[in-house]
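Chemist: My structure file data-v2.tsv, TSV, C-alpha atoms, is below:
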chain	number	residue	atom	x	y	z
B	212	MET	CA	64.16	-11.27	19.44
B	213	ALA	CA	61.82	-10.92	16.52
B	214	ALA	CA	58.17	-10.66	17.34
B	215	LEU	CA	55.08	-12.05	15.70
B	216	ASP	CA	52.71	-9.66	14.04
B	217	VAL	CA	49.37	-11.06	15.02
B	218	GLN	CA	45.97	-10.26	13.62
B	219	VAL	CA	42.78	-11.88	14.78
B	220	VAL	CA	39.77	-11.19	12.62
B	221	ALA	CA	36.19	-12.37	12.76
B	222	VAL	CA	33.72	-12.25	9.89
B	223	ASP	CA	32.55	-8.73	10.49
B	224	HIS	CA	35.21	-7.10	12.62
B	225	ALA	CA	38.84	-7.14	13.64
B	226	VAL	CA	39.18	-8.70	17.08
B	227	TRP	CA	42.73	-8.17	18.16
B	228	SER	CA	45.99	-7.17	16.59
B	229	GLY	CA	49.44	-6.46	17.87
B	230	GLU	CA	52.87	-7.90	18.47
B	231	ALA	CA	53.34	-11.12	20.32
B	232	LYS	CA	56.11	-13.35	21.59
B	233	ALA	CA	54.23	-16.57	21.12
B	234	LEU	CA	50.81	-17.98	20.61
B	235	THR	CA	49.03	-21.28	20.87
B	236	GLY	CA	45.89	-22.34	19.11
B	237	ARG	CA	43.96	-25.46	18.38
B	238	THR	CA	43.81	-26.81	14.86
B	239	VAL	CA	41.78	-29.78	13.70
B	240	ASP	CA	44.91	-31.91	14.16
B	241	GLY	CA	45.69	-30.70	17.63
B	242	ASP	CA	47.29	-27.83	19.43
B	243	ILE	CA	49.86	-25.77	17.63
B	244	GLY	CA	52.35	-23.35	19.13
B	245	ILE	CA	53.89	-20.58	17.09
B	246	LEU	CA	57.13	-18.79	17.88
B	247	PRO	CA	58.85	-16.21	15.70
B	248	GLY	CA	60.59	-17.80	12.74
B	249	HIS	CA	57.97	-20.50	12.26
B	250	THR	CA	57.71	-22.04	8.81
B	251	PRO	CA	54.67	-20.91	6.76
B	252	VAL	CA	51.58	-22.86	7.77
B	253	LEU	CA	47.99	-22.75	6.73
B	254	ALA	CA	45.84	-24.71	9.12
B	255	LEU	CA	42.17	-25.14	9.86
B	256	LEU	CA	41.04	-24.09	13.29
B	257	ALA	CA	38.98	-26.23	15.57
B	258	GLU	CA	36.79	-24.79	18.25
B	259	GLY	CA	38.92	-23.92	21.21
B	260	GLU	CA	41.14	-21.54	23.08
B	261	LEU	CA	43.63	-19.27	21.48
B	262	THR	CA	46.29	-17.85	23.73
B	263	ILE	CA	48.46	-14.98	22.69
B	264	GLU	CA	51.42	-13.77	24.68
B	265	PRO	CA	51.87	-10.16	23.72
B	266	VAL	CA	55.25	-8.44	23.84
B	267	ALA	CA	53.89	-6.24	26.59
B	268	GLY	CA	51.25	-7.20	29.12
B	269	GLY	CA	49.65	-10.42	30.20
B	270	PRO	CA	48.35	-13.20	27.99
B	271	VAL	CA	45.28	-12.63	25.88
B	272	ARG	CA	42.85	-15.48	25.67
B	273	ALA	CA	40.20	-15.80	23.03
B	274	HIS	CA	37.61	-18.39	22.28
B	275	VAL	CA	37.53	-19.07	18.56
B	276	LYS	CA	35.25	-21.22	16.49
B	277	GLY	CA	35.81	-22.28	12.91
B	278	GLY	CA	38.03	-20.60	10.42
B	279	PHE	CA	41.71	-20.88	9.68
B	280	PHE	CA	45.07	-19.72	10.67
B	281	SER	CA	48.01	-18.69	8.56
B	282	VAL	CA	51.61	-18.09	9.48
B	283	ASP	CA	53.88	-16.46	6.97
B	284	ASP	CA	57.14	-14.67	7.65
B	285	ASP	CA	56.23	-13.91	11.27
B	286	LYS	CA	52.85	-12.59	10.23
B	287	VAL	CA	50.11	-14.56	11.88
B	288	THR	CA	46.55	-14.17	10.71
B	289	ILE	CA	43.76	-15.89	12.54
B	290	VAL	CA	40.55	-15.79	10.59
B	291	ALA	CA	37.69	-17.09	12.65
B	292	ASP	CA	33.99	-17.41	12.09
B	293	GLU	CA	33.51	-16.33	15.66
B	294	ALA	CA	36.05	-15.01	18.10
B	295	ASP	CA	35.55	-13.60	21.57
B	296	ILE	CA	38.24	-12.13	23.71
B	297	GLN	CA	38.00	-13.37	27.26
B	298	SER	CA	39.22	-11.10	29.94
U	229	MET	CA	-12.64	32.69	1.07
U	230	GLY	CA	-12.13	31.80	-2.55
U	231	ALA	CA	-12.07	28.16	-3.53
U	232	GLN	CA	-8.85	28.66	-5.45
U	233	ILE	CA	-6.97	29.98	-2.43
U	234	ARG	CA	-8.11	27.05	-0.34
U	235	VAL	CA	-6.86	24.57	-2.93
U	236	TYR	CA	-3.43	26.15	-2.98
U	237	ARG	CA	-3.32	26.43	0.79
U	238	ASP	CA	-4.07	22.70	1.13
U	239	LYS	CA	-1.39	21.87	-1.39
U	240	ILE	CA	1.16	23.97	0.44
U	241	ARG	CA	0.27	22.33	3.73
U	242	SER	CA	0.56	18.77	2.42
U	243	THR	CA	3.75	19.51	0.52
U	244	SER	CA	5.41	20.97	3.59
U	245	SER	CA	4.50	17.98	5.69
U	246	MET	CA	5.93	15.74	2.99
U	247	LYS	CA	9.04	17.86	2.97
U	248	LYS	CA	9.48	17.16	6.66
U	249	ILE	CA	9.26	13.43	6.00
U	250	PHE	CA	11.80	13.64	3.17
U	251	LYS	CA	14.13	15.62	5.37
U	252	ALA	CA	13.83	13.09	8.17
U	253	MET	CA	14.46	10.19	5.81
U	254	GLU	CA	17.44	11.98	4.35
U	255	LEU	CA	18.91	12.49	7.80
U	256	ILE	CA	18.32	8.88	8.76
U	257	ALA	CA	19.96	7.67	5.55
U	258	THR	CA	22.92	10.00	6.12
U	259	ALA	CA	23.40	8.69	9.62
U	260	ARG	CA	23.16	5.08	8.55
U	261	VAL	CA	25.30	5.27	5.44
U	262	GLY	CA	28.28	6.13	7.64
U	263	LYS	CA	27.61	3.11	9.78
U	264	ALA	CA	27.15	0.88	6.75
U	265	ARG	CA	30.46	2.06	5.34
U	266	SER	CA	32.32	1.40	8.54
U	267	ARG	CA	30.76	-2.07	8.69
U	268	ALA	CA	31.94	-2.68	5.14
U	269	GLN	CA	35.38	-1.52	6.18
U	270	ALA	CA	35.37	-3.64	9.32
U	271	SER	CA	34.77	-6.74	7.23
U	272	THR	CA	37.67	-6.06	4.86
U	273	PRO	CA	40.43	-7.54	7.07
U	274	TYR	CA	38.57	-10.85	7.02
U	275	ALA	CA	37.91	-10.68	3.28
U	276	GLU	CA	41.51	-9.76	2.59
U	277	ALA	CA	42.92	-12.48	4.81
U	278	ILE	CA	40.72	-15.12	3.26
U	279	THR	CA	41.44	-13.94	-0.29
U	280	ARG	CA	45.16	-14.08	0.40
U	281	ALA	CA	44.88	-17.59	1.79
U	282	VAL	CA	42.72	-18.85	-1.06
U	283	ALA	CA	45.08	-17.31	-3.59
U	284	ALA	CA	48.01	-18.97	-1.84
U	285	VAL	CA	46.38	-22.39	-1.87
U	286	ALA	CA	45.05	-22.05	-5.39
U	287	ALA	CA	48.52	-20.98	-6.57
U	288	GLN	CA	49.79	-24.47	-5.71
U	289	ASP	CA	48.41	-25.62	-8.99
U	290	ASP	CA	48.91	-29.32	-8.40
U	291	ILE	CA	45.63	-29.29	-6.53
U	292	ASP	CA	42.46	-30.09	-8.39
U	293	HIS	CA	39.33	-29.03	-6.68
U	294	VAL	CA	35.67	-29.03	-7.70
U	295	LEU	CA	35.35	-25.38	-6.94
U	296	THR	CA	38.26	-24.29	-9.11
U	297	GLU	CA	37.59	-26.42	-12.15
U	298	LYS	CA	36.12	-24.69	-15.12
U	299	VAL	CA	33.50	-26.53	-17.11
U	300	ALA	CA	34.26	-26.36	-20.82
U	301	GLN	CA	30.67	-25.84	-21.85
U	302	PRO	CA	28.63	-24.31	-19.02
U	303	GLN	CA	24.97	-25.19	-19.21
U	304	ARG	CA	23.45	-23.57	-16.19
U	305	ALA	CA	24.38	-20.52	-14.17
U	306	ALA	CA	23.09	-19.17	-10.90
U	307	VAL	CA	22.68	-15.41	-10.79
U	308	LEU	CA	22.37	-13.73	-7.41
U	309	ILE	CA	20.71	-10.34	-7.75
U	310	MET	CA	21.02	-7.91	-4.87
U	311	ALA	CA	18.34	-5.24	-4.78
U	312	SER	CA	16.78	-3.45	-1.83
U	313	ASP	CA	13.82	-4.19	0.40
U	314	ARG	CA	12.35	-0.73	0.30
U	315	GLY	CA	11.89	1.78	-2.43
U	316	LEU	CA	12.43	5.52	-2.03
U	317	ALA	CA	16.02	5.09	-3.09
U	318	GLY	CA	15.85	6.57	-6.54
U	319	ALA	CA	16.88	4.24	-9.31
U	320	TYR	CA	18.89	1.98	-6.99
U	321	SER	CA	16.93	-1.25	-7.44
U	322	THR	CA	16.07	-0.49	-11.05
U	323	ASN	CA	19.72	-0.10	-11.96
U	324	VAL	CA	20.72	-3.41	-10.40
U	325	ILE	CA	17.84	-5.20	-12.03
U	326	LYS	CA	18.64	-3.62	-15.39
U	327	GLN	CA	22.23	-4.80	-15.04
U	328	SER	CA	21.04	-8.30	-14.19
U	329	GLU	CA	18.70	-8.32	-17.18
U	330	SER	CA	21.57	-7.63	-19.55
U	331	LEU	CA	23.61	-10.42	-17.88
U	332	LEU	CA	20.67	-12.78	-18.29
U	333	ALA	CA	20.41	-11.83	-21.96
U	334	THR	CA	24.13	-12.46	-22.49
U	335	LEU	CA	23.87	-15.84	-20.78
U	336	LYS	CA	20.90	-16.74	-22.92
U	337	ASP	CA	22.84	-15.85	-26.07
U	338	GLN	CA	25.58	-18.19	-24.94
U	339	GLY	CA	23.02	-20.93	-24.48
U	340	VAL	CA	23.36	-20.96	-20.71
U	341	GLU	CA	20.26	-21.47	-18.63
U	342	ALA	CA	20.16	-18.85	-15.89
U	343	ARG	CA	18.71	-19.57	-12.47
U	344	PRO	CA	17.96	-16.33	-10.64
U	345	TYR	CA	18.47	-16.08	-6.90
U	346	LEU	CA	17.05	-12.91	-5.43
U	347	TYR	CA	17.98	-10.78	-2.48
U	348	GLY	CA	15.66	-7.96	-1.47
U	349	ARG	CA	11.93	-7.50	-1.75
U	350	LYS	CA	12.19	-5.16	-4.76
U	351	ALA	CA	13.85	-7.86	-6.83
U	352	GLN	CA	11.19	-10.33	-5.71
U	353	ALA	CA	8.42	-7.91	-6.63
U	354	PHE	CA	9.96	-7.44	-10.06
U	355	TYR	CA	9.93	-11.19	-10.69
U	356	ASP	CA	6.54	-11.81	-9.15
U	357	PHE	CA	4.90	-9.03	-11.14
U	358	ARG	CA	6.19	-10.54	-14.37
U	359	SER	CA	5.33	-14.08	-13.19
U	360	ARG	CA	8.92	-15.10	-13.75
U	361	GLU	CA	10.52	-17.99	-11.97
U	362	TYR	CA	13.32	-17.76	-9.49
U	363	ASP	CA	14.95	-20.40	-7.36
U	364	GLN	CA	15.13	-18.72	-4.02
U	365	VAL	CA	14.68	-15.37	-2.40
U	366	TRP	CA	16.00	-13.76	0.76
U	367	THR	CA	14.37	-10.62	2.06
U	368	GLY	CA	14.70	-8.33	5.03
U	369	ASN	CA	17.61	-6.28	6.29
U	370	THR	CA	19.08	-5.30	2.95
U	371	ASP	CA	20.03	-1.99	4.53
U	372	ASN	CA	21.64	-3.71	7.50
U	373	PRO	CA	22.91	-7.12	6.38
U	374	VAL	CA	23.17	-10.06	8.73
U	375	VAL	CA	26.18	-12.39	8.67
U	376	THR	CA	24.06	-15.53	8.93
U	377	VAL	CA	22.02	-14.63	5.83
U	378	GLY	CA	25.25	-14.18	3.89
U	379	GLN	CA	26.43	-17.58	5.08
U	380	GLU	CA	23.12	-19.14	4.16
U	381	ILE	CA	23.20	-17.68	0.65
U	382	GLY	CA	26.80	-18.79	0.25
U	383	LYS	CA	26.00	-22.30	1.39
U	384	THR	CA	22.98	-22.57	-0.90
U	385	LEU	CA	24.97	-21.46	-3.92
U	386	VAL	CA	28.01	-23.60	-3.18
U	387	ASP	CA	25.79	-26.65	-2.66
U	388	ARG	CA	24.11	-25.98	-5.96
U	389	PHE	CA	27.51	-25.64	-7.61
U	390	ILE	CA	28.81	-28.92	-6.24
U	391	GLN	CA	25.73	-30.76	-7.48
U	392	PRO	CA	26.38	-32.42	-10.88
U	393	THR	CA	24.95	-30.52	-13.83
U	394	GLU	CA	22.73	-33.45	-14.79
U	395	GLU	CA	21.00	-33.29	-11.42
U	396	GLY	CA	20.22	-29.62	-11.68
U	397	GLY	CA	23.47	-28.19	-10.42
U	398	VAL	CA	24.95	-25.02	-11.82
U	399	ASP	CA	28.28	-24.55	-13.58
U	400	GLU	CA	28.75	-20.89	-12.86
U	401	ILE	CA	27.72	-18.43	-10.19
U	402	TYR	CA	27.31	-14.75	-10.91
U	403	LEU	CA	26.72	-11.95	-8.49
U	404	VAL	CA	25.02	-8.69	-9.42
U	405	TYR	CA	25.25	-5.93	-6.84
U	406	THR	CA	25.91	-2.23	-6.51
U	407	GLU	CA	29.46	-1.24	-5.85
U	408	PHE	CA	29.93	1.67	-3.51
U	409	GLN	CA	32.46	3.96	-5.12
U	410	SER	CA	31.71	7.18	-3.32
U	411	MET	CA	28.78	8.97	-1.76
U	412	VAL	CA	27.74	10.17	-5.20
U	413	THR	CA	28.70	7.24	-7.40
U	414	GLN	CA	27.39	3.73	-7.00
U	415	GLU	CA	27.84	1.40	-9.89
U	416	PRO	CA	25.90	-1.81	-10.49
U	417	VAL	CA	28.45	-4.52	-11.29
U	418	VAL	CA	28.53	-8.19	-12.29
U	419	LYS	CA	31.07	-10.48	-10.68
U	420	ARG	CA	31.66	-14.13	-11.37
U	421	LEU	CA	32.09	-15.95	-8.08
U	422	LEU	CA	32.60	-19.46	-9.38
U	423	PRO	CA	34.46	-21.03	-11.05
U	424	LEU	CA	37.09	-19.28	-9.12
U	425	ALA	CA	39.17	-16.56	-10.62
U	426	VAL	CA	40.87	-15.43	-7.45
U	427	VAL	CA	40.75	-11.67	-7.44
U	428	GLU	CA	42.89	-8.97	-5.94
U	429	ALA	CA	46.18	-10.76	-6.37
U	430	ASP	CA	48.42	-7.86	-5.48
U	431	GLU	CA	51.71	-9.69	-5.51
U	432	PRO	CA	51.41	-12.44	-8.12
U	433	ALA	CA	53.42	-15.60	-7.68
U	434	ALA	CA	54.96	-14.37	-4.45
U	435	HIS	CA	53.04	-16.75	-2.25
U	436	PRO	CA	55.09	-18.65	0.25
U	437	LEU	CA	55.11	-22.41	0.19
U	438	TYR	CA	52.74	-23.20	2.96
U	439	GLU	CA	52.55	-26.33	4.95
U	440	PHE	CA	48.96	-27.39	5.17
U	441	GLU	CA	47.19	-28.86	8.09
U	442	PRO	CA	45.56	-31.37	7.77
U	443	SER	CA	46.10	-31.42	3.96
U	444	ALA	CA	45.92	-29.01	1.07
U	445	GLU	CA	42.69	-30.54	-0.20
U	446	GLU	CA	40.98	-30.38	3.14
U	447	VAL	CA	42.12	-26.82	3.71
U	448	LEU	CA	40.74	-25.85	0.32
U	449	ASP	CA	37.52	-27.73	1.04
U	450	ALA	CA	37.01	-25.65	4.13
U	451	LEU	CA	38.35	-22.39	2.78
U	452	LEU	CA	36.50	-22.03	-0.49
U	453	PRO	CA	32.95	-21.99	0.87
U	454	LYS	CA	34.11	-19.46	3.44
U	455	TYR	CA	35.68	-17.42	0.70
U	456	ILE	CA	32.43	-17.43	-1.26
U	457	GLU	CA	30.47	-16.53	1.87
U	458	SER	CA	32.82	-13.70	2.60
U	459	ARG	CA	32.59	-12.39	-0.96
U	460	ILE	CA	28.81	-12.50	-0.76
U	461	PHE	CA	28.72	-10.87	2.65
U	462	SER	CA	31.02	-8.05	1.61
U	463	ALA	CA	28.89	-7.53	-1.48
U	464	MET	CA	25.86	-7.33	0.81
U	465	LEU	CA	27.55	-4.74	2.98
U	466	GLU	CA	28.62	-2.71	0.00
U	467	ALA	CA	25.15	-2.94	-1.50
U	468	SER	CA	23.65	-1.71	1.76
U	469	ALA	CA	25.95	1.31	1.82
U	470	SER	CA	25.02	2.00	-1.80
U	471	GLU	CA	21.33	1.64	-1.03
U	472	LEU	CA	21.51	4.12	1.81
U	473	ALA	CA	23.56	6.58	-0.22
U	474	ALA	CA	21.06	6.30	-3.06
U	475	ARG	CA	18.22	6.83	-0.62
U	476	GLN	CA	19.90	9.85	0.86
U	477	ARG	CA	20.33	11.39	-2.57
U	478	ALA	CA	16.77	10.56	-3.62
U	479	MET	CA	15.36	12.08	-0.44
U	480	LYS	CA	17.52	15.16	-0.84
U	481	SER	CA	16.19	15.83	-4.32
U	482	ALA	CA	12.65	15.03	-3.17
U	483	GLY	CA	13.05	17.65	-0.43
U	484	ASP	CA	14.41	20.15	-2.94
U	485	ASN	CA	11.51	19.49	-5.27
U	486	ALA	CA	9.07	19.93	-2.40
U	487	ASN	CA	10.68	23.30	-1.71
U	488	ASP	CA	10.25	24.35	-5.33
U	489	LEU	CA	6.62	23.26	-5.26
U	490	ILE	CA	5.93	25.19	-2.09
U	491	LEU	CA	7.41	28.33	-3.65
U	492	LYS	CA	5.35	27.84	-6.77
U	493	TYR	CA	2.12	27.27	-4.87
U	494	THR	CA	2.77	30.22	-2.57
U	495	LEU	CA	3.10	32.43	-5.63
U	496	LEU	CA	-0.10	31.05	-7.12
U	497	ARG	CA	-1.90	31.44	-3.80
U	498	ASN	CA	-0.85	35.08	-3.54
U	499	ASN	CA	-1.95	35.67	-7.13
U	500	ALA	CA	-5.33	34.14	-6.40
U	501	ARG	CA	-5.70	36.21	-3.24
U	502	GLN	CA	-4.80	39.39	-5.07
U	503	ALA	CA	-7.21	38.56	-7.90
U	504	GLU	CA	-9.97	38.07	-5.37
U	505	ILE	CA	-9.25	41.39	-3.67
U	506	THR	CA	-9.17	43.15	-7.04
U	507	GLN	CA	-12.44	41.57	-8.00
U	508	GLU	CA	-14.14	42.52	-4.75
U	509	LEU	CA	-12.87	46.10	-5.06
U	510	SER	CA	-14.11	46.49	-8.60
U	511	GLU	CA	-17.46	45.03	-7.59
U	512	LEU	CA	-17.72	47.55	-4.73
U	513	ILE	CA	-16.74	50.47	-6.91
U	514	ALA	CA	-19.07	49.37	-9.69
U	515	GLY	CA	-21.88	49.02	-7.12
U	516	ALA	CA	-21.23	52.48	-5.65
U	517	ASP	CA	-21.11	53.97	-9.14
U	518	ALA	CA	-24.41	52.35	-10.04
U	519	LEU	CA	-26.03	53.71	-6.85
U	520	ALA	CA	-24.61	57.22	-7.34
U	521	SER	CA	-25.75	57.51	-10.92
U	522	SER	CA	-29.30	56.35	-10.24
Have the structure of the file written as structure tokens, please.
Modeler:
Amino acid sequence: MAALDVQVVAVDHAVWSGEAKALTGRTVDGDIGILPGHTPVLALLAEGELTIEPVAGGPVRAHVKGGFFSVDDDKVTIVADEADIQS
Amino acid sequence: MGAQIRVYRDKIRSTSSMKKIFKAMELIATARVGKARSRAQASTPYAEAITRAVAAVAAQDDIDHVLTEKVAQPQRAAVLIMASDRGLAGAYSTNVIKQSESLLATLKDQGVEARPYLYGRKAQAFYDFRSREYDQVWTGNTDNPVVTVGQEIGKTLVDRFIQPTEEGGVDEIYLVYTEFQSMVTQEPVVKRLLPLAVVEADEPAAHPLYEFEPSAEEVLDALLPKYIESRIFSAMLEASASELAARQRAMKSAGDNANDLILKYTLLRNNARQAEITQELSELIAGADALASS
């Protein structure tokens, strides 16, 4: 199965990047789940949890605030004003 | 001891203590320029991502947005000038200010009223000394920029841009800062931030057709100010790296000059000492001769 190429960046640093099976985030319209093969989307992020399920290892959770989120050809870029990985 | 020797000795002493200071400042600048560069690099993924997104949205040209519309006859322009807080960086601030002066002159020729916005105490001092007006100034931390200041500057400028021209708003926003090309070359540059000419379009017209959430207009509303903020913040980071590199170079040549001075004074001091010895000897010999012949 194809994997998502995920990049999470905050204003002044890259937060997380890697391959993932799926991810869920919260946009201003509500939660959105992304699986490989998703149609291109550009959405605004609301404050909330972002959960990434990496190809290997357990889920990665991050708290993000503000910013946006783009999906394009299995490349997912999450651009947040603030993003903290929670262990 | 001869007065001349003492003068030279004092000069040598003060020059060598200055040399130590220059050396220390050079080392500090060297250490920090690396950090500033990696900060500038760390912010590029964000800047790239946001540029790509803005280019993608702006490419859907059925969208009209305040921030992308070009006014036919611009009347007022905001100019953000990024200088440093501290001196001792060679011609760093002077070069930026010179560049901004020529931009201001060009704008004036075009009949555009320029509103300067300043960043860095050196720019402020330049304007204050000449009793020239400016709209706003931000100082502190030019060598270690803070995200929030970048956001504040961005917000101020975007707000001013959205304001109608009749109420004092601006039609264009320019940014003057120093581009970091390498450790030895830093070039002052002028960039137009608004109206938008989305830069760095690597793959033109290859943008996918995005679905927007909630809507294209709202996405653009939220994206553009962020894009401007990110452009300003990356300019701040680049300017800080340039400032530190300029300071390092200035301090290096100051240290070299101090070395030259020390060598020169040492030579003069030795000359003076030798002259004194010669004089004392000839006085002694002349005295002995005078005694012997009497």
Chemist: For chain U, which residues have at least one atom within 9 Å of chain B, if we go by all atoms listed in the file? Write them as a PyMOL selection string, please.
Modeler: chain U and resi 267-275+277-278+281+285+375+436-444+446-447+450-451+454+458+461
Chemist: When you count all atoms listed in the file, which of these residues is closest to Gly248 in chain B: B:Lys232, B:Asp285, B:Glu293, B:Ile263?
Modeler: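 Residue with the minimum atom-to-atom distance to Gly248 in chain B: B:Asp285.
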Chemist: Could you check how far CA of Glu276 in chain U sits from CA of Ala467 in chain U, in Å to one decimal?
Modeler: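 Straight-line distance from CA of Glu276 in chain U to CA of Ala467 in chain U works out to 18.2 Å.
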Chemist: I'd like the neighbourhood of Gln303 in chain U as a list in words, where a residue qualifies if any of its atoms comes within 9 Å (using only C-alpha atoms), though same-chain residues fewer than 5 positions away should be ignored.
Modeler: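 My list of contacting residues is Gly339, Val340, Glu341, Ala342, Thr393, Val398, Asp399 and Glu400 of chain U.
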Chemist: Residues of the last selection are to be written out with C-alpha atoms, as a CSV table (one decimal), in the frame of the given file.
Modeler:
chain,number,residue,atom,x,y,z
U,339,GLY,CA,23.0,-20.9,-24.5
U,340,VAL,CA,23.4,-21.0,-20.7
U,341,GLU,CA,20.3,-21.5,-18.6
U,342,ALA,CA,20.2,-18.8,-15.9
U,393,THR,CA,25.0,-30.5,-13.8
U,398,VAL,CA,25.0,-25.0,-11.8
U,399,ASP,CA,28.3,-24.6,-13.6
U,400,GLU,CA,28.8,-20.9,-12.9
Chemist: Take CA of Val418 in chain U and CA of Val404 in chain U and report the distance between them in Å, one decimal.
Modeler: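 CA of Val404 in chain U lies 4.6 Å from CA of Val418 in chain U.
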Chemist: If we count all atoms listed in the file and set the cut-off at 10 Å, which residues sit around Ser244 in chain U, ignoring sequence neighbours fewer than 5 positions away in its own chain? Please answer as a list in words.
Modeler: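 Listing them by chain and then by number gives Asp238, Lys239, Ile249, Phe250, Gly483, Ala486, Asn487, Leu489 and Ile490 of chain U.
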Chemist: Which distance in Å separates CA of Tyr347 in chain U and CA of Ile390 in chain U, to one decimal?
Modeler: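 Taking CA of Tyr347 in chain U and CA of Ile390 in chain U, their separation equals 21.5 Å.
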Chemist: Counting all atoms listed in the file, select every polymer residue within 6 Å of (49.4, -16.8, 22.5) as defined in the file's coordinates, and provide the selection as a list in words.
Modeler: Ala233, Leu234, Thr235, Thr262, Ile263 and Glu264 of chain B
Chemist: Considering all atoms listed in the file, state which residue in the set U:Thr279, U:Ser321, U:Asn499, U:Ser462 is at the smallest distance from Glu415 in chain U.
Modeler: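 For Glu415 in chain U, the nearest of the given residues is U:Ser321.
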Chemist: When you count all atoms listed in the file, which of these residues is closest to Arg349 in chain U: U:Arg304, U:Lys419, U:Arg314, U:His293?
Modeler: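 With all atoms listed in the file as the atom set, the closest residue is U:Arg314.
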Chemist: Considering only C-alpha atoms, state which residue in the set B:Val275, B:Ile296, B:Leu215, B:Val287 is at the smallest distance from Arg237 in chain B.
Modeler: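 Result for the nearest residue to Arg237 in chain B: B:Val275.
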Chemist: From (23.9, -12.9, 0.9), in the file's coordinates, out to 9 Å: which residues are reached, counting all atoms listed in the file? Answer as a list of chain:residue names.
Modeler: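 Using all atoms listed in the file, the matching residues come out as U:Leu308, U:Met310, U:Tyr347, U:Trp366, U:Pro373, U:Val374, U:Val375, U:Thr376, U:Val377, U:Gly378, U:Gln379, U:Glu380, U:Ile381, U:Gly382, U:Glu457, U:Arg459, U:Ile460, U:Phe461, U:Ser462, U:Ala463, U:Met464.
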Chemist: Export range 229-244 of chain B of the preceding structure, keeping N, CA and C atoms, as a short mmCIF file (atom, residue, chain, number, x, y, z; two decimals), in the first residue's frame.
Modeler:
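Once written, result06.cif looks like this:
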data_model
loop_
_atom_site.label_atom_id
_atom_site.label_comp_id
_atom_site.auth_asym_id
_atom_site.auth_seq_id
_atom_site.Cartn_x
_atom_site.Cartn_y
_atom_site.Cartn_z
N GLY B 229 8.12 12.09 7.92
CA GLY B 229 8.28 10.66 7.75
C GLY B 229 7.11 10.09 6.97
N GLU B 230 7.08 8.78 6.88
CA GLU B 230 6.02 8.11 6.14
C GLU B 230 4.92 7.68 7.09
N ALA B 231 3.71 7.77 6.62
CA ALA B 231 2.60 7.41 7.49
C ALA B 231 1.53 6.66 6.72
N LYS B 232 0.76 5.88 7.48
CA LYS B 232 -0.35 5.13 6.87
C LYS B 232 -1.60 6.00 6.81
N ALA B 233 -1.75 6.80 7.85
CA ALA B 233 -2.96 7.62 7.91
C ALA B 233 -2.71 8.76 8.89
N LEU B 234 -3.53 9.80 8.74
CA LEU B 234 -3.47 10.82 9.77
C LEU B 234 -4.81 11.53 9.90
N THR B 235 -5.04 12.04 11.08
CA THR B 235 -6.26 12.80 11.31
C THR B 235 -5.89 14.14 11.91
N GLY B 236 -6.60 15.15 11.47
CA GLY B 236 -6.36 16.48 12.01
C GLY B 236 -7.66 17.21 12.14
N ARG B 237 -7.60 18.38 12.72
CA ARG B 237 -8.83 19.15 12.88
C ARG B 237 -8.74 20.42 12.05
N THR B 238 -9.68 20.56 11.12
CA THR B 238 -9.72 21.80 10.34
C THR B 238 -10.82 22.67 10.93
N VAL B 239 -10.96 23.86 10.39
CA VAL B 239 -11.99 24.76 10.92
C VAL B 239 -13.39 24.20 10.69
N ASP B 240 -13.52 23.29 9.71
CA ASP B 240 -14.83 22.69 9.44
C ASP B 240 -15.10 21.42 10.23
N GLY B 241 -14.05 20.89 10.82
CA GLY B 241 -14.23 19.65 11.56
C GLY B 241 -13.06 18.72 11.30
N ASP B 242 -13.14 17.54 11.87
CA ASP B 242 -12.02 16.62 11.74
C ASP B 242 -11.90 16.11 10.31
N ILE B 243 -10.67 15.87 9.92
CA ILE B 243 -10.44 15.33 8.59
C ILE B 243 -9.45 14.18 8.71
N GLY B 244 -9.75 13.10 8.01
CA GLY B 244 -8.86 11.95 8.02
C GLY B 244 -8.25 11.79 6.64
#
